[in-house]
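Please read the structure below before turning to the comments.
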Amino acid sequence: MQHNRKDKVLIANGQGFWGDSILGPIRLVKEGPLDYLTLDYLAEVTMSIMQKLRARRPDQGYATDFVKLIERILPDLVDKGIRVVANAGGVNPHACKDAVLAVIRKQGYNGIKVAVVEGDDILAGLDGLMAAGETFRNMDTGAPLTDVRERVSSANVYLGAFPIAEALGQGAQIVITGRGTDPGLVLGPLIHEFGWQKGDWDRLAAGTVAGHIVECGAQCTGGNYTDWRDVPNMALIGYPIVEAHPDGSFVVTKHAGTGGMVTRDTVVHQLAYEMGDPAAYITPDVVADFTSFELTDEGHDRVRISGVRGKAETPTYKVSMSFQDGWKSVGQLTVSGPDALAKARLSARVVWERLAYDGFEYSPAERLEEYVGANVCHRGLEVKGADAPSEVVLRLGVKGPDFHKVERFGPELVPLVTSGPPGVTGFAGGRPKATEIIGYWPALITKDKIQPRVTTFEA
Amino acid sequence: MPVVQLQRIAQARSGDKGEGSNVGVLARSEAAYEFLVKVLTSERVRAHFAAINPGGVKRYEAHNIRVLNFLLEDSLGGGGSASLLTDAQGKTHGLALLRMELDVPEAVLAVTPAPAPVGAQR
């Protein structure tokens with residue numbers, strides 16, 4: 001990778017999860033300068049859903065929102081030379097790439113390179129890996145994968161940032177990956193631009209911290225912020241931008257004139273998000289130390305971070321697997337006052353007793369009773385007014401391994417409207433149906449069993 | 001010592017972490033951090049969340065960013081897609097902890113900026 005190194009690179013994240021606002025990335029490419037746009041579409045459960053979509057249709061199994069976004073922002077990407085790194089590939093990155101290439105051709109552009117990073121999907125090779133000695137013990141419980149092997153529906157390795165850097169080195173303007181770490185979407189471009197190497201632990205850690213700060217989009221620019229009254233113009237909240245330097249120092253900021261705010265406190269909020277042991281944030285590339293660095297609020301929506309320290313990478317990749325783990329069904333009704341809470345409690349009892357009459361009893365662990373409006377989120381804490389709400393949402397649910405038993409619950413909810421206490425309403429969603437519970441199985445695999453692959457295509 | 005809610009001297013963010021949640025407590029001043037390191041123990045946080053989290057609570061410290069990080073091991077009713085709870089991801093657990101009442105020394109309050117009062121939205 002011989003090229004002129006920049007001394008400053010601007011990397012924004014425009015998507016914190018699949019379902020985040022499309023306005024985030026659209027405004028990022030329009031409202032100010034940018035070198036890279038990263039987009040995070042994948043959660044643990046997403047991969048399992050995508051495997052099912054692909055099983056039904058071989059051209060599905062990726063984040064279709066990404067293709068719709070490219071349709072809208074491609075002219076800006078081309079005009080401004082902005083490069084995109086997205087984990088939109090899901091379990092079918094080539095189908096995603098084909099859809100993106102079709103958009104590029106349809107809009108009349110050519111010579112644009114699109115790269116695919118793959119090698120994360122080990123579902124098809126799982127039995128071979130187990131025969132070769134990988135036990136895939138559950139990281140939380142220690143149980144061996146054989147306990148659930150026949151119910152596994154997806155298995156993906158969290159790849160690191162170096163394959164992304166390789167794709168950028170091949171000249172790709174758009175890089176599509178499957179499962180990788182979220183911070184790697186930012187670290188990959190930094191490795192490419194600044195020529196960072198394996199073993200540059202402090203700088204790899206710095207890029208990882210930068211990636212962690214922006215990976216949930218507006219959660220570091222005033223979204224989900226304790227002192228919400230202080231946040232200006234939340235409607236047009238700016239998505240975050242990392243202004244990074246070759247030495248690993250960086251500034252978190254946002255485009256001038258956008259809503260929200262970047263302060264020491266909004267950045268620290270996101271540093272604390274999904275935090276485990278702050279001294280050991282483990283990725284495939286490095287172990288970053290969140291207790292090592294200094295934060296400086298420079299004012300004007302600029303927070304500088306310097307002095308990040310990192311330690312050597314571990315010999316394993318993390319694997320995220322999902323498996324069929326039973327069924328659940330949840331529904332809700334609204335109960336008005338007077339005496340809303342007492343009537344809602346009676347309604348719940350009526351549902352459980354009718355089901356019991358028909359031979360279906362659910363243990364406390366198999367059923368849920370929530371009275372939304374009467375302090376559901378902070379249950380157990382003394383909260384003023386929680387014992388006398390003017391109305392409540394009664395939320396009932398059941399779960400278990402027996403589909404028939406779970407499915408039986410739904411039809412007994414709506415009859416409350418005519419055969420329960422007065423003031424029961426708000427039944428708009430139809431009968432609750434049994435849906436699959438997707439279990440999560442985190443495990444490890446030795447790194448030499450996995451070969452990430454990078455392929456570049458041209459429209 | 002005045003009794004105040006934790007939100008007077010700290011902010012918080014929470015989210016899911018496997019079958020549990022993490023609650024990051026952000027002290028509003030250095031003095032507040034040093035005070036909270038002493039009084040906001042994992043035992044106290046565990047008692048506060050007794051009805052939400054039947055599991056254990058583990059505490060980590062990050063002094064450089066004035067964060068105490070609490071891991072609530074079993075606070076999501078099964079976690080992930082197995083949970084039936086409204087707050088299946090622990091998004092509101094940070095605010096729940098900020099409701100905790102504490103005896104805070106005047107000296108700590110004097111150097112710790114208070115959040116904007118209700119009705120002061122910009």
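Residues are named by chain letter and number: chains run A, B, ... in the order of the structure tokens, numbers start at 1 in each chain, and ligands are numbered from 1 in the order shown.
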
*Distance-based interface of chain A with chain B, 6 Å, counting only C-alpha atoms, as a list in words*: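 The complete set of qualifying residues is Thr226, Arg229, His269, Ala272, Glu274, Thr291, His378, Gly380, Ile437 and Ile438 of chain A.
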
*For region 253-265 of chain A, list every protein, DNA or RNA residue within 6 Å, evaluated using only C-alpha atoms, and leave out those in the same chain fewer than 3 positions away; present the list as an MDAnalysis selection string.*
chainID A and resid 32 221:222 231:234 236:238 240:241 268 297 301:302

For the residues selected in the previous step, produce a file with N, CA and C atoms as a PDB file, in the first residue's frame.
ATOM      1  N   GLY A  32     -21.617  18.551   4.720  1.00  0.00           N
ATOM      2  CA  GLY A  32     -20.249  18.929   5.080  1.00  0.00           C
ATOM      3  C   GLY A  32     -19.238  17.974   4.490  1.00  0.00           C
ATOM      4  N   THR A 221     -23.943  12.093  20.036  1.00  0.00           N
ATOM      5  CA  THR A 221     -24.122  13.508  19.678  1.00  0.00           C
ATOM      6  C   THR A 221     -25.363  14.115  20.342  1.00  0.00           C
ATOM      7  N   GLY A 222     -25.811  13.506  21.416  1.00  0.00           N
ATOM      8  CA  GLY A 222     -26.945  14.072  22.156  1.00  0.00           C
ATOM      9  C   GLY A 222     -28.177  13.190  22.174  1.00  0.00           C
ATOM     10  N   VAL A 231     -30.126  19.483  24.997  1.00  0.00           N
ATOM     11  CA  VAL A 231     -29.784  19.113  23.612  1.00  0.00           C
ATOM     12  C   VAL A 231     -30.558  19.979  22.620  1.00  0.00           C
ATOM     13  N   PRO A 232     -29.864  20.791  21.814  1.00  0.00           N
ATOM     14  CA  PRO A 232     -30.565  21.651  20.855  1.00  0.00           C
ATOM     15  C   PRO A 232     -30.961  20.896  19.589  1.00  0.00           C
ATOM     16  N   ASN A 233     -32.082  21.246  19.017  1.00  0.00           N
ATOM     17  CA  ASN A 233     -32.519  20.775  17.695  1.00  0.00           C
ATOM     18  C   ASN A 233     -32.368  19.265  17.517  1.00  0.00           C
ATOM     19  N   MET A 234     -33.059  18.527  18.395  1.00  0.00           N
ATOM     20  CA  MET A 234     -32.943  17.064  18.344  1.00  0.00           C
ATOM     21  C   MET A 234     -33.476  16.506  17.027  1.00  0.00           C
ATOM     22  N   LEU A 236     -33.080  17.511  13.981  1.00  0.00           N
ATOM     23  CA  LEU A 236     -32.061  17.456  12.928  1.00  0.00           C
ATOM     24  C   LEU A 236     -30.697  17.168  13.539  1.00  0.00           C
ATOM     25  N   ILE A 237     -30.691  16.212  14.469  1.00  0.00           N
ATOM     26  CA  ILE A 237     -29.465  15.836  15.186  1.00  0.00           C
ATOM     27  C   ILE A 237     -28.382  15.417  14.185  1.00  0.00           C
ATOM     28  N   GLY A 238     -27.173  15.920  14.397  1.00  0.00           N
ATOM     29  CA  GLY A 238     -26.060  15.565  13.518  1.00  0.00           C
ATOM     30  C   GLY A 238     -25.489  14.208  13.899  1.00  0.00           C
ATOM     31  N   PRO A 240     -22.296  11.446  14.010  1.00  0.00           N
ATOM     32  CA  PRO A 240     -20.923  11.741  14.433  1.00  0.00           C
ATOM     33  C   PRO A 240     -19.869  11.559  13.346  1.00  0.00           C
ATOM     34  N   ILE A 241     -18.828  12.358  13.473  1.00  0.00           N
ATOM     35  CA  ILE A 241     -17.673  12.301  12.562  1.00  0.00           C
ATOM     36  C   ILE A 241     -16.400  12.212  13.402  1.00  0.00           C
ATOM     37  N   VAL A 268     -18.690  10.568  26.585  1.00  0.00           N
ATOM     38  CA  VAL A 268     -18.499   9.580  27.655  1.00  0.00           C
ATOM     39  C   VAL A 268     -19.746   8.686  27.786  1.00  0.00           C
ATOM     40  N   ASP A 297     -12.499  18.574  25.989  1.00  0.00           N
ATOM     41  CA  ASP A 297     -13.605  19.249  25.303  1.00  0.00           C
ATOM     42  C   ASP A 297     -13.084  20.584  24.790  1.00  0.00           C
ATOM     43  N   ASP A 301     -18.522  21.735  19.680  1.00  0.00           N
ATOM     44  CA  ASP A 301     -18.806  20.365  19.253  1.00  0.00           C
ATOM     45  C   ASP A 301     -17.557  19.620  18.819  1.00  0.00           C
ATOM     46  N   ARG A 302     -16.481  19.817  19.550  1.00  0.00           N
ATOM     47  CA  ARG A 302     -15.231  19.084  19.258  1.00  0.00           C
ATOM     48  C   ARG A 302     -14.674  18.524  20.556  1.00  0.00           C
TER      49      ARG A 302
END

*asked:* Taking only C-alpha atoms into account, name the residue in A:Arg72, A:Arg56, A:Lys384, A:Arg5 that is nearest to Pro25 (chain A).
replied: A:Arg72

*Running DSSP on the backbone, which parts of region 49-181 of chain A land in helix (DSSP H, G or I), as a ChimeraX atom specification?*
/A:49-56,64-80,93-106,126-131,145-147,149-151,162-169

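Shortest separation to Phe35 (chain B) among B:Met1, B:Ile9, B:Pro54, B:Gln89 occurs at residue B:Ile9, atoms counted being only C-alpha atoms.
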
*Going by DSSP on the backbone, which bits of region 250-457 of chain A are strand (DSSP E)? Write them as a PyMOL selection string, please.*
chain A and resi 250-253+281-282+287-289+294-299+302-306+309-311+316-336+367-372+391-400+424-425+435-446+453-457

Once you have the residues from the selection above, write them out as an mmCIF file, in the first residue's frame, restricted to C-alpha atoms.
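File produced: out-v2.cif:
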data_model
loop_
_atom_site.group_PDB
_atom_site.id
_atom_site.type_symbol
_atom_site.label_atom_id
_atom_site.label_comp_id
_atom_site.auth_asym_id
_atom_site.auth_seq_id
_atom_site.Cartn_x
_atom_site.Cartn_y
_atom_site.Cartn_z
ATOM 1 C CA PHE A 250 -8.693 12.029 17.036
ATOM 2 C CA VAL A 251 -11.512 14.521 17.472
ATOM 3 C CA VAL A 252 -15.177 13.537 17.674
ATOM 4 C CA THR A 253 -17.335 16.161 15.990
ATOM 5 C CA TYR A 281 -12.176 -4.121 25.244
ATOM 6 C CA ILE A 282 -11.424 -7.143 23.074
ATOM 7 C CA VAL A 287 -7.317 -5.309 23.232
ATOM 8 C CA ALA A 288 -8.131 -1.644 23.828
ATOM 9 C CA ASP A 289 -7.846 0.008 27.260
ATOM 10 C CA GLU A 294 -7.496 11.645 27.955
ATOM 11 C CA LEU A 295 -10.587 13.537 26.808
ATOM 12 C CA THR A 296 -10.471 17.261 26.085
ATOM 13 C CA ASP A 297 -13.605 19.249 25.303
ATOM 14 C CA GLU A 298 -12.387 21.919 22.883
ATOM 15 C CA GLY A 299 -15.814 23.549 22.593
ATOM 16 C CA ARG A 302 -15.231 19.084 19.258
ATOM 17 C CA VAL A 303 -13.927 16.534 21.766
ATOM 18 C CA ARG A 304 -10.319 15.380 21.436
ATOM 19 C CA ILE A 305 -9.113 11.960 22.561
ATOM 20 C CA SER A 306 -5.423 11.145 22.876
ATOM 21 C CA ARG A 309 -3.235 2.398 24.876
ATOM 22 C CA GLY A 310 -3.742 -1.119 23.551
ATOM 23 C CA LYS A 311 -2.460 -4.625 24.197
ATOM 24 C CA THR A 316 -9.216 -16.347 18.937
ATOM 25 C CA TYR A 317 -12.084 -14.828 17.006
ATOM 26 C CA LYS A 318 -15.478 -14.448 18.619
ATOM 27 C CA VAL A 319 -18.252 -16.419 16.917
ATOM 28 C CA SER A 320 -21.889 -15.375 17.090
ATOM 29 C CA MET A 321 -24.356 -18.220 16.608
ATOM 30 C CA SER A 322 -28.114 -18.306 16.776
ATOM 31 C CA PHE A 323 -30.372 -21.264 17.402
ATOM 32 C CA GLN A 324 -34.076 -22.085 17.629
ATOM 33 C CA ASP A 325 -34.899 -21.699 21.332
ATOM 34 C CA GLY A 326 -38.671 -22.118 21.582
ATOM 35 C CA TRP A 327 -41.664 -19.844 21.015
ATOM 36 C CA LYS A 328 -43.202 -16.714 22.457
ATOM 37 C CA SER A 329 -46.391 -14.706 22.074
ATOM 38 C CA VAL A 330 -47.090 -11.218 23.453
ATOM 39 C CA GLY A 331 -50.151 -8.972 23.180
ATOM 40 C CA GLN A 332 -51.573 -5.855 24.761
ATOM 41 C CA LEU A 333 -54.812 -4.045 25.564
ATOM 42 C CA THR A 334 -55.454 -0.615 27.048
ATOM 43 C CA VAL A 335 -57.587 -0.316 30.189
ATOM 44 C CA SER A 336 -59.028 3.119 31.046
ATOM 45 C CA ARG A 367 -45.641 -15.949 31.443
ATOM 46 C CA LEU A 368 -45.462 -12.177 31.616
ATOM 47 C CA GLU A 369 -47.849 -9.670 33.195
ATOM 48 C CA GLU A 370 -46.993 -5.996 32.726
ATOM 49 C CA TYR A 371 -49.039 -2.936 33.642
ATOM 50 C CA VAL A 372 -47.464 -0.251 31.484
ATOM 51 C CA GLU A 391 -55.074 4.308 32.435
ATOM 52 C CA VAL A 392 -52.731 1.384 31.862
ATOM 53 C CA VAL A 393 -51.592 -0.782 28.989
ATOM 54 C CA LEU A 394 -52.004 -4.412 29.995
ATOM 55 C CA ARG A 395 -49.265 -6.428 28.354
ATOM 56 C CA LEU A 396 -49.455 -10.216 28.601
ATOM 57 C CA GLY A 397 -47.178 -12.839 27.132
ATOM 58 C CA VAL A 398 -46.156 -16.488 27.310
ATOM 59 C CA LYS A 399 -43.163 -18.502 26.141
ATOM 60 C CA GLY A 400 -41.934 -22.082 26.056
ATOM 61 C CA VAL A 424 -60.971 -2.307 27.800
ATOM 62 C CA THR A 425 -59.884 -1.036 24.380
ATOM 63 C CA THR A 435 -43.083 -16.323 17.017
ATOM 64 C CA GLU A 436 -39.752 -18.055 17.191
ATOM 65 C CA ILE A 437 -37.314 -17.282 19.993
ATOM 66 C CA ILE A 438 -33.852 -16.950 18.510
ATOM 67 C CA GLY A 439 -31.268 -18.010 21.074
ATOM 68 C CA TYR A 440 -27.820 -16.436 21.076
ATOM 69 C CA TRP A 441 -24.715 -18.597 21.425
ATOM 70 C CA PRO A 442 -21.424 -16.702 21.784
ATOM 71 C CA ALA A 443 -18.280 -18.807 21.330
ATOM 72 C CA LEU A 444 -14.629 -18.617 20.280
ATOM 73 C CA ILE A 445 -12.632 -20.127 17.418
ATOM 74 C CA THR A 446 -8.860 -20.223 16.890
ATOM 75 C CA ARG A 453 -11.425 -13.178 1.627
ATOM 76 C CA VAL A 454 -11.552 -9.878 -0.267
ATOM 77 C CA THR A 455 -12.783 -9.628 -3.862
ATOM 78 C CA THR A 456 -13.234 -6.450 -5.886
ATOM 79 C CA PHE A 457 -15.752 -5.949 -8.711
#

_Polymer residues at most 7 Å from Val85 (chain A), only C-alpha atoms, same-chain spacing of 4 or more positions, as a PyMOL selection string_ = chain A and resi 37-39+174-176+185

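The residue set within 6 Å of Glu73 (chain B), counting only C-alpha atoms and dropping same-chain residues fewer than 3 places from it, reads Gly20, Gly55 and Gly56 of chain B.
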
N, CA and C atoms of the current selection, written as a short mmCIF file (atom, residue, chain, number, x, y, z; two decimals), in the first residue's frame:
data_model
loop_
_atom_site.label_atom_id
_atom_site.label_comp_id
_atom_site.auth_asym_id
_atom_site.auth_seq_id
_atom_site.Cartn_x
_atom_site.Cartn_y
_atom_site.Cartn_z
N GLY B 20 -27.81 -9.96 30.60
CA GLY B 20 -27.87 -8.88 31.58
C GLY B 20 -27.72 -7.54 30.90
N GLY B 55 -29.81 -11.63 39.50
CA GLY B 55 -28.42 -12.06 39.42
C GLY B 55 -27.47 -11.15 40.20
N GLY B 56 -26.19 -11.40 40.05
CA GLY B 56 -25.17 -10.61 40.74
C GLY B 56 -24.91 -9.29 40.04
#

*Point out the residue among A:Met47, A:Gly248, A:Asp230, A:Ser292 with the least atom-to-atom distance to Val157 (chain A), counting only C-alpha atoms.*
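For Val157 (chain A), the nearest of the candidates is A:Met47.
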
_Nearest to Pro75 (chain A) by atom-to-atom distance, counting only C-alpha atoms, from A:Arg57, A:Lys113, A:His192, A:Lys30_ =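 Distance minimum relative to Pro75 (chain A) lands on A:Lys30.
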
*With a distance cut-off of 9 Å and only C-alpha atoms, select the neighbouring residues of Glu166 (chain A), excluding the residue or stretch itself and same-chain residues fewer than 3 positions from it, and output the selection as a ChimeraX atom specification.*
/A:1,161-163,169-171,188,192,454
